[in-house]
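Colleague: Provided below: structure_23.txt, containing compact mmCIF, C-alpha atoms.
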```txt
# COMPACT_ATOMS: atom_id res chain seq x y z
CA MET K 1038 -13.69 22.71 98.85
CA GLU K 1039 -11.54 23.89 95.95
CA ASN K 1040 -9.23 20.87 96.43
CA LYS K 1041 -12.19 18.52 96.25
CA LEU K 1042 -13.29 20.10 92.98
CA ASN K 1043 -9.78 19.76 91.56
CA MET K 1044 -9.60 16.11 92.63
CA GLU K 1045 -12.95 15.42 90.96
CA GLN K 1046 -11.60 16.97 87.75
CA VAL K 1047 -8.42 14.86 88.06
CA PHE K 1048 -10.52 11.70 88.57
CA GLU K 1049 -12.66 12.65 85.60
CA LYS K 1050 -9.55 13.09 83.44
CA LEU K 1051 -8.13 9.80 84.77
CA GLY K 1052 -11.42 8.16 83.83
CA ASP K 1053 -11.12 9.58 80.30
CA LEU K 1054 -7.52 8.41 80.20
CA LYS K 1055 -8.58 4.94 81.35
CA GLN K 1056 -11.21 4.79 78.64
CA PHE K 1057 -8.58 5.91 76.16
CA PHE K 1058 -6.24 3.11 77.30
CA VAL K 1059 -9.10 0.59 77.14
CA PHE K 1060 -9.86 1.79 73.62
CA GLY K 1061 -6.14 1.74 72.85
CA GLN K 1062 -5.89 -1.86 74.06
CA ARG K 1063 -8.68 -2.77 71.66
CA ILE K 1064 -7.31 -0.76 68.73
CA VAL K 1065 -3.64 -1.78 69.03
CA PRO K 1066 -4.16 -5.30 67.56
CA VAL K 1067 -6.13 -3.77 64.69
CA ILE K 1068 -3.34 -1.27 64.01
CA GLN K 1069 -0.84 -4.13 64.26
CA LYS K 1070 -2.86 -6.04 61.70
CA ILE K 1071 -2.91 -2.99 59.41
CA ILE K 1072 0.87 -2.66 59.76
CA ASP K 1073 1.32 -6.38 59.00
CA PHE K 1074 -1.01 -6.09 56.05
CA MET K 1075 0.92 -3.07 54.72
CA ARG K 1076 4.18 -4.95 55.24
CA ASP K 1077 2.79 -7.79 53.07
CA VAL K 1078 1.06 -5.67 50.49
CA VAL K 1079 3.83 -3.17 49.71
CA PRO K 1080 6.15 -5.75 48.09
CA LEU K 1081 3.10 -7.14 46.34
CA LEU K 1082 2.26 -3.70 44.96
CA GLU K 1083 5.88 -3.32 43.96
CA ASN K 1084 5.59 -6.64 42.10
CA VAL K 1085 2.40 -5.50 40.37
CA ASN K 1086 4.15 -2.27 39.48
CA ASN K 1087 7.13 -4.13 38.02
CA SER K 1088 4.81 -6.50 36.14
CA ILE K 1089 2.95 -3.58 34.61
CA GLN K 1090 6.26 -1.99 33.66
CA ASP K 1091 7.50 -5.26 32.19
CA SER K 1092 4.27 -5.87 30.26
CA THR K 1093 4.23 -2.30 28.98
CA SER K 1094 7.77 -2.65 27.66
CA LYS K 1095 6.79 -5.87 25.82
CA ILE K 1096 3.68 -4.43 24.14
CA PRO K 1097 5.51 -2.62 21.28
CA LYS K 1098 7.27 -5.91 20.46
CA ALA K 1099 3.94 -7.77 20.40
CA ALA K 1100 2.38 -5.09 18.19
CA ASN K 1101 5.39 -5.27 15.89
CA GLN K 1102 5.15 -9.06 15.71
CA ILE K 1103 1.50 -8.85 14.69
CA HIS K 1104 2.47 -6.35 11.99
CA ASN K 1105 5.20 -8.74 10.80
CA VAL K 1106 2.71 -11.62 10.69
CA THR K 1107 0.43 -9.53 8.46
CA ASN K 1108 3.34 -8.71 6.15
CA ALA K 1109 4.50 -12.34 6.04
CA THR K 1110 1.01 -13.63 5.18
CA GLU K 1111 0.70 -10.97 2.49
CA VAL K 1112 3.99 -12.13 0.91
CA ALA K 1113 2.96 -15.80 1.20
CA THR K 1114 -0.44 -15.05 -0.32
CA GLY K 1115 1.27 -13.24 -3.18
CA GLU K 1116 3.44 -16.31 -3.79
CA ILE K 1117 0.38 -18.58 -3.80
CA LEU K 1118 -1.36 -16.22 -6.24
CA ASP K 1119 1.73 -16.35 -8.49
CA ILE K 1120 1.46 -20.16 -8.54
CA VAL K 1121 -2.31 -20.02 -9.16
CA ASP K 1122 -1.72 -17.52 -12.01
CA SER K 1123 0.89 -19.79 -13.53
CA MET K 1124 -1.44 -22.81 -13.14
CA SER K 1125 -4.27 -20.87 -14.77
CA MET K 1126 -2.06 -19.98 -17.74
CA ASP K 1127 -0.98 -23.64 -18.11
CA LEU K 1128 -4.59 -24.79 -17.86
CA SER K 1129 -5.59 -22.28 -20.48
CA ARG K 1130 -2.86 -23.63 -22.80
CA ILE K 1131 -3.94 -27.23 -22.11
CA LYS K 1132 -7.54 -26.26 -22.83
CA ASN K 1133 -6.54 -24.74 -26.18
CA GLU K 1134 -4.44 -27.80 -27.06
CA LEU K 1135 -7.32 -30.12 -26.21
CA LEU K 1136 -9.67 -28.05 -28.32
CA GLU K 1137 -7.27 -28.25 -31.26
CA MET K 1138 -6.95 -32.02 -30.79
CA LYS K 1139 -10.72 -32.33 -30.59
CA ASN K 1140 -11.11 -30.34 -33.80
CA GLY K 1141 -8.40 -32.47 -35.44
CA PHE K 1142 -10.21 -35.71 -34.56
CA PHE K 1143 -13.50 -34.22 -35.68
CA ASN K 1144 -11.96 -33.30 -39.05
CA GLN K 1145 -10.49 -36.81 -39.40
CA ARG K 1146 -13.91 -38.31 -38.72
CA VAL K 1147 -15.61 -35.96 -41.24
CA THR K 1148 -12.97 -36.73 -43.90
CA LEU K 1149 -13.23 -40.49 -43.36
CA GLU K 1150 -17.01 -40.36 -43.48
CA LYS K 1151 -16.87 -38.27 -46.68
CA HIS K 1152 -14.45 -40.76 -48.30
CA ALA K 1153 -16.67 -43.63 -47.17
CA SER K 1154 -19.64 -42.10 -49.00
CA ASP K 1155 -17.50 -41.08 -52.04
CA PHE K 1156 -16.05 -44.59 -52.42
CA PRO K 1157 -18.83 -47.06 -51.60
CA GLN K 1158 -16.76 -49.84 -53.23
CA LEU K 1159 -14.38 -49.55 -50.25
CA ASN K 1160 -17.30 -50.17 -47.92
CA GLY K 1161 -16.11 -50.99 -44.41
CA LYS K 1162 -12.48 -49.99 -45.02
CA PHE K 1163 -12.93 -46.44 -43.74
CA GLU K 1164 -14.84 -47.68 -40.68
CA GLU K 1165 -11.92 -50.04 -40.08
CA LEU K 1166 -9.49 -47.16 -40.45
CA LYS K 1167 -11.53 -44.99 -38.06
CA ASN K 1168 -11.51 -47.79 -35.51
CA GLY K 1169 -7.79 -48.31 -36.07
CA LEU K 1170 -7.15 -44.64 -35.34
CA SER K 1171 -9.31 -44.95 -32.16
CA ILE K 1172 -11.03 -41.68 -33.02
CA ASP K 1173 -14.10 -42.36 -30.85
CA GLU K 1174 -11.96 -43.39 -27.90
CA MET K 1175 -9.65 -40.36 -28.31
CA GLU K 1176 -12.64 -38.02 -28.46
CA THR K 1177 -14.04 -39.53 -25.25
CA ARG K 1178 -10.66 -39.14 -23.57
CA ILE K 1179 -10.45 -35.51 -24.65
CA VAL K 1180 -13.88 -34.81 -23.16
CA THR K 1181 -12.71 -36.43 -19.88
CA LEU K 1182 -9.55 -34.27 -19.94
CA GLU K 1183 -11.60 -31.15 -20.67
CA ASN K 1184 -13.79 -31.90 -17.64
CA MET K 1185 -10.66 -32.35 -15.51
CA VAL K 1186 -9.28 -29.02 -16.75
CA ARG K 1187 -12.61 -27.33 -15.93
CA LYS K 1188 -12.47 -28.83 -12.42
CA LEU K 1189 -8.88 -27.59 -11.97
CA GLU K 1190 -9.92 -24.12 -13.17
CA ASN K 1191 -12.76 -24.18 -10.69
CA ASP K 1192 -10.37 -25.28 -7.94
CA SER K 1193 -7.95 -22.46 -8.73
CA THR K 1194 -10.85 -19.98 -8.59
CA ASN K 1195 -11.79 -21.39 -5.19
CA ILE K 1196 -8.18 -21.02 -4.00
CA THR K 1197 -8.31 -17.36 -5.09
CA ILE K 1198 -11.58 -16.85 -3.20
CA SER K 1199 -10.09 -18.48 -0.10
CA LEU K 1200 -7.04 -16.23 -0.28
CA GLN K 1201 -9.29 -13.26 0.48
CA ILE K 1202 -8.93 -14.50 4.05
CA GLN K 1203 -5.53 -12.76 4.07
CA ASP K 1204 -7.14 -9.32 3.74
CA ILE K 1205 -9.85 -10.20 6.27
CA THR K 1206 -7.37 -11.49 8.90
CA ALA K 1207 -5.10 -8.50 8.22
CA GLN K 1208 -8.02 -6.24 9.20
CA GLN K 1209 -8.71 -8.33 12.30
CA LEU K 1210 -5.03 -8.17 13.29
CA ALA K 1211 -4.97 -4.41 12.69
CA SER K 1212 -7.92 -4.18 15.06
CA VAL K 1213 -6.04 -6.23 17.71
CA ASN K 1214 -3.00 -3.99 17.24
CA HIS K 1215 -5.14 -0.93 17.77
CA LEU K 1216 -6.44 -2.48 21.01
CA ILE K 1217 -2.89 -3.32 22.16
CA GLN K 1218 -1.78 0.26 21.51
CA SER K 1219 -4.70 1.59 23.56
CA VAL K 1220 -3.76 -0.73 26.46
CA GLN K 1221 -0.15 0.37 26.22
CA LYS K 1222 -1.12 4.02 26.43
CA ARG K 1223 -3.26 3.40 29.51
CA LEU K 1224 -0.61 1.30 31.27
CA SER K 1225 2.08 3.85 30.50
CA SER K 1226 -0.10 6.62 31.84
CA LEU K 1227 -0.63 4.52 35.00
CA LEU K 1228 3.14 4.01 35.35
CA PHE K 1229 3.62 7.75 34.98
CA ASP K 1230 1.14 8.31 37.83
CA LEU K 1231 3.05 5.79 39.94
CA GLY K 1232 6.26 7.67 39.20
CA LYS K 1233 7.77 4.83 37.20
CA LYS K 1234 7.84 6.70 33.94
CA SER K 1235 9.43 9.99 33.13
CA ASN K 1236 7.79 12.97 31.51
CA GLN K 1237 9.87 12.24 28.43
CA ASN K 1238 8.49 8.68 28.22
CA LEU K 1239 4.98 10.03 28.48
CA SER K 1240 5.44 12.64 25.80
CA GLU K 1241 7.01 9.98 23.55
CA LEU K 1242 3.91 7.91 24.15
CA GLU K 1243 1.60 10.80 23.39
CA GLN K 1244 3.46 11.33 20.12
CA MET K 1245 3.00 7.68 19.16
CA PRO K 1246 0.90 7.66 15.96
CA GLU K 1247 -2.69 6.64 16.58
CA ALA K 1248 -3.77 3.65 14.46
CA ASP K 1249 -6.21 4.95 11.86
CA THR K 1250 -9.46 3.17 12.65
CA ASP K 1251 -10.67 3.89 9.10
CA THR K 1252 -8.08 1.51 7.70
CA PHE K 1253 -9.66 -1.65 9.10
CA ASN K 1254 -13.04 -3.13 9.89
CA PRO K 1255 -12.95 -4.67 13.39
CA ASP K 1256 -16.02 -6.75 12.48
CA ALA K 1257 -14.42 -8.26 9.35
CA LYS K 1258 -15.40 -11.93 9.09
CA TYR K 1259 -14.46 -14.73 6.72
CA ASP K 1260 -17.87 -16.01 5.73
CA THR K 1261 -18.10 -17.74 2.37
CA SER K 1262 -21.81 -18.45 2.59
CA ALA K 1263 -23.95 -16.76 -0.03
CA GLU K 1264 -26.41 -15.44 2.58
CA LYS K 1265 -24.31 -12.38 3.37
CA GLN K 1266 -24.43 -11.14 -0.24
CA VAL K 1267 -28.11 -12.08 -0.51
CA ARG K 1268 -28.83 -9.87 2.53
CA VAL K 1269 -26.82 -7.03 0.98
CA ASP K 1270 -28.73 -7.39 -2.28
CA GLU K 1271 -32.03 -7.29 -0.42
CA ILE K 1272 -31.05 -4.05 1.31
CA ILE K 1273 -29.82 -2.58 -1.98
CA ASN K 1274 -33.00 -3.54 -3.87
CA GLU K 1275 -35.21 -2.33 -1.06
CA ASN K 1276 -33.41 1.00 -0.95
CA LEU K 1277 -33.15 1.48 -4.67
CA LYS K 1278 -36.92 1.67 -4.53
CA THR K 1279 -36.59 4.25 -1.75
CA SER K 1280 -35.95 7.76 -2.96
CA GLN K 1281 -32.55 9.36 -2.40
CA ALA K 1282 -34.31 12.02 -0.30
CA GLU K 1283 -35.54 9.32 2.09
CA ILE K 1284 -32.05 7.83 2.46
CA ASP K 1285 -30.64 11.31 3.12
CA LYS K 1286 -33.37 11.89 5.70
CA LEU K 1287 -32.40 8.63 7.45
CA PHE K 1288 -28.80 9.80 7.81
CA SER K 1289 -29.63 13.33 8.86
CA LYS K 1290 -31.30 11.99 12.07
CA MET T 1493 -14.16 -1.12 -26.89
CA ALA T 1494 -12.96 -2.92 -23.75
CA LYS T 1495 -13.89 -1.27 -20.46
CA LYS T 1496 -11.04 0.06 -18.36
CA PHE T 1497 -11.35 -0.55 -14.62
CA LEU T 1498 -9.75 1.29 -11.70
CA VAL T 1499 -9.22 -1.17 -8.81
CA VAL T 1500 -8.76 0.62 -5.48
CA ASP T 1501 -7.69 -1.34 -2.39
CA ASP T 1502 -4.90 -0.89 0.16
CA SER T 1503 -4.33 -4.66 0.22
CA VAL T 1504 -1.99 -5.86 -2.52
CA THR T 1505 -3.60 -9.31 -2.19
CA MET T 1506 -7.10 -7.95 -2.76
CA ARG T 1507 -6.01 -5.85 -5.75
CA ARG T 1508 -4.58 -8.98 -7.33
CA ILE T 1509 -7.67 -11.04 -6.51
CA VAL T 1510 -10.01 -8.40 -7.97
CA ALA T 1511 -7.77 -8.06 -11.04
CA ASN T 1512 -7.64 -11.86 -11.49
CA SER T 1513 -11.41 -12.05 -11.12
CA LEU T 1514 -11.81 -9.31 -13.74
CA LYS T 1515 -9.55 -11.24 -16.10
CA ALA T 1516 -11.52 -14.43 -15.40
CA ILE T 1517 -14.74 -12.72 -16.50
CA GLY T 1518 -13.20 -11.17 -19.57
CA TYR T 1519 -12.05 -7.71 -18.46
CA GLU T 1520 -8.32 -7.49 -19.05
CA ASN T 1521 -7.91 -3.71 -18.97
CA TYR T 1522 -7.39 -2.27 -15.49
CA VAL T 1523 -5.24 0.08 -13.41
CA GLU T 1524 -4.68 -0.09 -9.65
CA ALA T 1525 -4.56 2.37 -6.76
CA GLY T 1526 -3.55 1.69 -3.12
CA ASP T 1527 -5.90 4.23 -1.53
CA GLY T 1528 -8.46 6.92 -2.29
CA ARG T 1529 -5.89 9.66 -2.76
CA GLU T 1530 -4.00 7.67 -5.39
CA ALA T 1531 -7.31 6.78 -7.05
CA LEU T 1532 -8.27 10.45 -7.37
CA SER T 1533 -4.87 11.21 -8.83
CA LYS T 1534 -5.33 8.40 -11.39
CA LEU T 1535 -8.82 9.68 -12.26
CA ASN T 1536 -7.47 13.18 -12.77
CA SER T 1537 -4.72 12.00 -15.07
CA ASP T 1538 -6.43 9.16 -16.94
CA ASP T 1539 -9.54 9.93 -18.98
CA SER T 1540 -9.91 6.37 -20.23
CA ILE T 1541 -11.17 4.88 -16.93
CA ASP T 1542 -14.73 3.57 -17.34
CA PHE T 1543 -15.48 1.79 -14.08
CA ILE T 1544 -14.33 2.01 -10.45
CA ILE T 1545 -14.13 -0.90 -8.00
CA THR T 1546 -13.22 0.30 -4.53
CA ASP T 1547 -12.65 -1.02 -1.03
CA TRP T 1548 -14.02 0.96 1.95
CA ASN T 1549 -11.37 0.75 4.71
CA MET T 1550 -8.24 2.42 3.40
CA PRO T 1551 -5.65 4.90 4.70
CA GLU T 1552 -5.40 8.52 3.53
CA VAL T 1553 -8.75 8.77 1.74
CA SER T 1554 -11.25 6.00 2.56
CA GLY T 1555 -13.46 4.33 -0.02
CA LEU T 1556 -16.50 6.26 1.15
CA GLU T 1557 -14.66 9.59 0.97
CA LEU T 1558 -13.43 8.59 -2.47
CA VAL T 1559 -17.01 7.91 -3.65
CA ARG T 1560 -18.13 11.31 -2.32
CA SER T 1561 -15.18 13.05 -4.02
CA ILE T 1562 -15.91 11.31 -7.31
CA ARG T 1563 -19.61 12.16 -7.20
CA SER T 1564 -18.86 15.81 -6.55
CA ASN T 1565 -16.52 16.01 -9.54
CA GLU T 1566 -17.84 17.24 -12.87
CA LYS T 1567 -15.29 15.40 -14.98
CA TYR T 1568 -15.71 11.86 -13.66
CA GLY T 1569 -18.69 12.20 -11.30
CA SER T 1570 -20.94 9.89 -13.28
CA LEU T 1571 -18.56 6.90 -13.50
CA PRO T 1572 -20.04 3.64 -12.22
CA ILE T 1573 -18.74 2.64 -8.78
CA LEU T 1574 -18.85 -0.81 -7.21
CA MET T 1575 -17.96 -1.00 -3.50
CA VAL T 1576 -16.20 -4.25 -2.50
CA THR T 1577 -15.74 -4.44 1.27
CA THR T 1578 -15.85 -6.55 4.43
CA ARG T 1579 -18.49 -4.21 5.88
CA GLY T 1580 -21.86 -5.88 5.70
CA LEU T 1581 -23.96 -4.01 8.26
CA LYS T 1582 -27.18 -2.42 7.07
CA GLU T 1583 -26.06 1.04 8.13
CA ASP T 1584 -22.82 0.63 6.13
CA ILE T 1585 -24.74 -0.34 3.01
CA LEU T 1586 -27.15 2.56 3.44
CA GLU T 1587 -24.26 4.96 4.00
CA ALA T 1588 -22.63 3.73 0.79
CA LEU T 1589 -25.92 4.13 -1.07
CA GLN T 1590 -26.26 7.63 0.30
CA ALA T 1591 -22.80 8.40 -1.06
CA LYS T 1592 -24.16 7.08 -4.38
CA VAL T 1593 -22.32 3.85 -5.05
CA ASN T 1594 -23.96 1.89 -7.86
CA ASN T 1595 -23.72 -1.48 -6.16
CA TYR T 1596 -22.16 -3.27 -3.21
CA VAL T 1597 -20.29 -6.57 -2.79
CA VAL T 1598 -19.18 -8.11 0.50
CA LYS T 1599 -15.85 -9.92 0.81
CA PRO T 1600 -15.14 -12.75 0.32
CA PHE T 1601 -16.72 -12.67 -3.14
CA THR T 1602 -16.67 -14.95 -6.17
CA PRO T 1603 -15.84 -13.87 -9.74
CA GLN T 1604 -19.47 -14.75 -10.59
CA ILE T 1605 -20.80 -12.21 -8.07
CA LEU T 1606 -18.40 -9.62 -9.44
CA ARG T 1607 -19.57 -10.31 -13.00
CA GLU T 1608 -23.23 -10.16 -11.94
CA LYS T 1609 -22.82 -6.76 -10.26
CA ILE T 1610 -20.70 -5.29 -13.08
CA ASP T 1611 -23.26 -6.49 -15.64
CA GLN T 1612 -26.14 -5.04 -13.60
CA ILE T 1613 -24.40 -1.67 -13.39
CA LEU T 1614 -23.44 -1.59 -17.07
CA GLU T 1615 -26.93 -2.66 -18.16
CA SER T 1616 -28.60 0.07 -16.11
CA ALA T 1617 -26.15 2.74 -17.33
```
Could you render the structure as structure tokens?
Modeller:
Amino acid sequence: MENKLNMEQVFEKLGDLKQFFVFGQRIVPVIQKIIDFMRDVVPLLENVNNSIQDSTSKIPKAANQIHNVTNATEVATGEILDIVDSMSMDLSRIKNELLEMKNGFFNQRVTLEKHASDFPQLNGKFEELKNGLSIDEMETRIVTLENMVRKLENDSTNITISLQIQDITAQQLASVNHLIQSVQKRLSSLLFDLGKKSNQNLSELEQMPEADTDTFNPDAKYDTSAEKQVRVDEIINENLKTSQAEIDKLFSK
Amino acid sequence: MAKKFLVVDDSVTMRRIVANSLKAIGYENYVEAGDGREALSKLNSDDSIDFIITDWNMPEVSGLELVRSIRSNEKYGSLPILMVTTRGLKEDILEALQAKVNNYVVKPFTPQILREKIDQILESA
């Protein structure tokens, strides 16, 4: 009786064992697949790891290059402004010369006309002389030259306005640099977690100076349309009517 | 007597452009500062400054901090201040007004706009 009970227990255990083997037969291919997957994915992860490390090491160079670009454009803009300044001075001199010439011709005309009225017996001679000196034609030419000078002055002013793009792009580049530095910090922290960076690297990174976000406007845009200033003026006029207390109240919210 | 301007901007290019624009509209007398701290130092040492033109985004002491410092100073607190900046959002303009700038110009600007704002400020003074 006791033997029968033992045998039943043995059969029960064998049944469990059989079920385990059946389950095992089903699970083995899955485990094999997991092993194969791991075999494939580990080198891939290693590659990703190396790529992150490689990219992280290149970021300071990229940030430095952007900084160099800003410096180079600032130097180039300075050189252009030097040329524009020199052009403006030359134009100013030309303008003064033309004015003197214009006055000279005007005086000649006045003198000739005065002589013509003082000496009516020489009627026609002074008109002939005036025509011979081409005073009218010279005066017309001077007016044309003055208009050209004014256009050139206007052009040089427009060049100066356009050169403000240097400051605006410098602010945009500073914003990109700030973004790059943030990415570098995150990637380096990730590499530290993966054991690819030493404590020393991490502390060096933490000591890296943070870009001062007050030094640039990430939304800086080169927009030469007058609308932007018109909108500003509207806000200013609207708020100049508003009491200072109301503005303060708005900011204390 | 010719007005003396203090031009404050961390960009060398912008300082030159503002200075050139001032010259173009007949103001030849100006001094420059590269940030708010330098501007305050100039204001403390130079009593002949009549007008301040400042950028907003600058290292050390920003334009807005500079305006607040100026306004809280007895000696030069009432000097006219024109803010010239790339910031054109309504909240920026209101913040500048709260700090008590006299007027506001967005970059890029023309010498005509600069003249108009300077004239408005000087006329209302």
Colleague: Contacts between chain T and chain K, please, where a residue of chain K counts if it comes within 9 Å (with all atoms listed in the file); show its shortest atom pair and distance in Å to one decimal, rows by chain and ascending number, as a tab-separated table.
Modeller:
```
residue	atom	partner	partner_atom	distance
K:Glu1111	CA	T:Thr1505	CA	6.6
K:Val1112	CA	T:Thr1505	CA	8.7
K:Thr1114	CA	T:Thr1505	CA	6.8
K:Gly1115	CA	T:Thr1505	CA	6.3
K:Leu1118	CA	T:Arg1508	CA	8.0
K:Asp1122	CA	T:Asn1512	CA	8.2
K:Thr1194	CA	T:Pro1603	CA	8.0
K:Asn1195	CA	T:Thr1602	CA	8.1
K:Thr1197	CA	T:Ile1509	CA	6.5
K:Ile1198	CA	T:Thr1602	CA	6.2
K:Ser1199	CA	T:Pro1600	CA	7.6
K:Leu1200	CA	T:Thr1505	CA	8.0
K:Gln1201	CA	T:Pro1600	CA	5.9
K:Ile1202	CA	T:Pro1600	CA	7.5
K:Gln1203	CA	T:Thr1505	CA	7.4
K:Asp1204	CA	T:Ser1503	CA	6.5
K:Ile1205	CA	T:Thr1578	CA	7.3
K:Ala1207	CA	T:Ser1503	CA	8.9
K:Gln1208	CA	T:Asn1549	CA	9.0
K:Asp1249	CA	T:Pro1551	CA	7.2
K:Thr1250	CA	T:Asn1549	CA	8.5
K:Asp1251	CA	T:Asn1549	CA	5.4
K:Thr1252	CA	T:Met1550	CA	4.4
K:Phe1253	CA	T:Asn1549	CA	5.3
K:Asn1254	CA	T:Asn1549	CA	6.7
K:Asp1256	CA	T:Arg1579	CA	7.5
K:Ala1257	CA	T:Thr1578	CA	5.4
K:Lys1258	CA	T:Thr1578	CA	7.1
K:Tyr1259	CA	T:Pro1600	CA	6.7
K:Asp1260	CA	T:Pro1600	CA	6.9
K:Thr1261	CA	T:Pro1600	CA	6.2
K:Ala1263	CA	T:Phe1601	CA	8.9
K:Lys1265	CA	T:Val1598	CA	7.3
K:Gln1266	CA	T:Val1598	CA	6.1
K:Arg1268	CA	T:Gly1580	CA	8.6
K:Val1269	CA	T:Gly1580	CA	6.9
K:Asp1270	CA	T:Tyr1596	CA	7.8
K:Ile1272	CA	T:Lys1582	CA	7.1
K:Ile1273	CA	T:Ile1585	CA	7.5
K:Asn1276	CA	T:Leu1586	CA	7.8
K:Leu1277	CA	T:Leu1589	CA	8.5
K:Gln1281	CA	T:Gln1590	CA	7.1
K:Ile1284	CA	T:Gln1590	CA	6.2
K:Asp1285	CA	T:Gln1590	CA	6.4
K:Leu1287	CA	T:Leu1586	CA	9.0
K:Phe1288	CA	T:Glu1587	CA	7.7
```
Colleague: List the spatial neighbours of Leu1189 (chain K) as a VMD selection string - criterion: any atom at most 9 Å away, only C-alpha atoms, same-chain residues fewer than 3 positions off excluded.
Modeller: chain K and resid 1124 to 1125 1128 1184 to 1186 1192 to 1194
Colleague: Contacts between region 1170-1175 of chain K and region 1043-1153 of chain K, please, where a residue of region 1043-1153 of chain K counts if it comes within 10 Å (with only C-alpha atoms); show its shortest atom pair and distance in Å to one decimal, rows by chain and ascending number, as JSON lines.
Modeller:
```
{"residue": "K:Met1138", "atom": "CA", "partner": "K:Met1175", "partner_atom": "CA", "distance": 9.1}
{"residue": "K:Lys1139", "atom": "CA", "partner": "K:Met1175", "partner_atom": "CA", "distance": 8.4}
{"residue": "K:Gly1141", "atom": "CA", "partner": "K:Ile1172", "partner_atom": "CA", "distance": 9.9}
{"residue": "K:Phe1142", "atom": "CA", "partner": "K:Ile1172", "partner_atom": "CA", "distance": 6.2}
{"residue": "K:Phe1143", "atom": "CA", "partner": "K:Ile1172", "partner_atom": "CA", "distance": 8.3}
{"residue": "K:Gln1145", "atom": "CA", "partner": "K:Ile1172", "partner_atom": "CA", "distance": 8.0}
{"residue": "K:Arg1146", "atom": "CA", "partner": "K:Ile1172", "partner_atom": "CA", "distance": 7.2}
```
Colleague: Kindly give the distance, in Å, that separates CA of Asn1144 (chain K) and CA of Gly1518 (chain T), rounded to a single decimal.
Modeller: 29.5 Å
Colleague: Could you name the residues that touch Leu1614 (chain T) at 12 Å or less, counting all atoms listed in the file, but leaving out those on the same chain fewer than 6 positions away, as a JSON list (two decimals) with C-alpha atoms, in the coordinates of the input?
Modeller:
```
[["chain", "number", "residue", "atom", "x", "y", "z"],
["T", 1495, "LYS", "CA", -13.89, -1.27, -20.46],
["T", 1542, "ASP", "CA", -14.73, 3.57, -17.34],
["T", 1543, "PHE", "CA", -15.48, 1.79, -14.08],
["T", 1544, "ILE", "CA", -14.33, 2.01, -10.45],
["T", 1571, "LEU", "CA", -18.56, 6.90, -13.50],
["T", 1572, "PRO", "CA", -20.04, 3.64, -12.22],
["T", 1573, "ILE", "CA", -18.74, 2.64, -8.78],
["T", 1574, "LEU", "CA", -18.85, -0.81, -7.21],
["T", 1594, "ASN", "CA", -23.96, 1.89, -7.86],
["T", 1595, "ASN", "CA", -23.72, -1.48, -6.16],
["T", 1607, "ARG", "CA", -19.57, -10.31, -13.00],
["T", 1608, "GLU", "CA", -23.23, -10.16, -11.94]]
```
Colleague: Report, in Å with one decimal, the straight-line distance from CA of Phe1229 (chain K) to CA of Asp1073 (chain K).
Modeller: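 CA of Asp1073 (chain K) lies 28.0 Å from CA of Phe1229 (chain K).
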Colleague: In Å, with one decimal, what is the gap from CA of Thr1107 (chain K) to CA of Asp1119 (chain K)?
Modeller: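 One can read the CA of Thr1107 (chain K) to CA of Asp1119 (chain K) distance as 18.3 Å.
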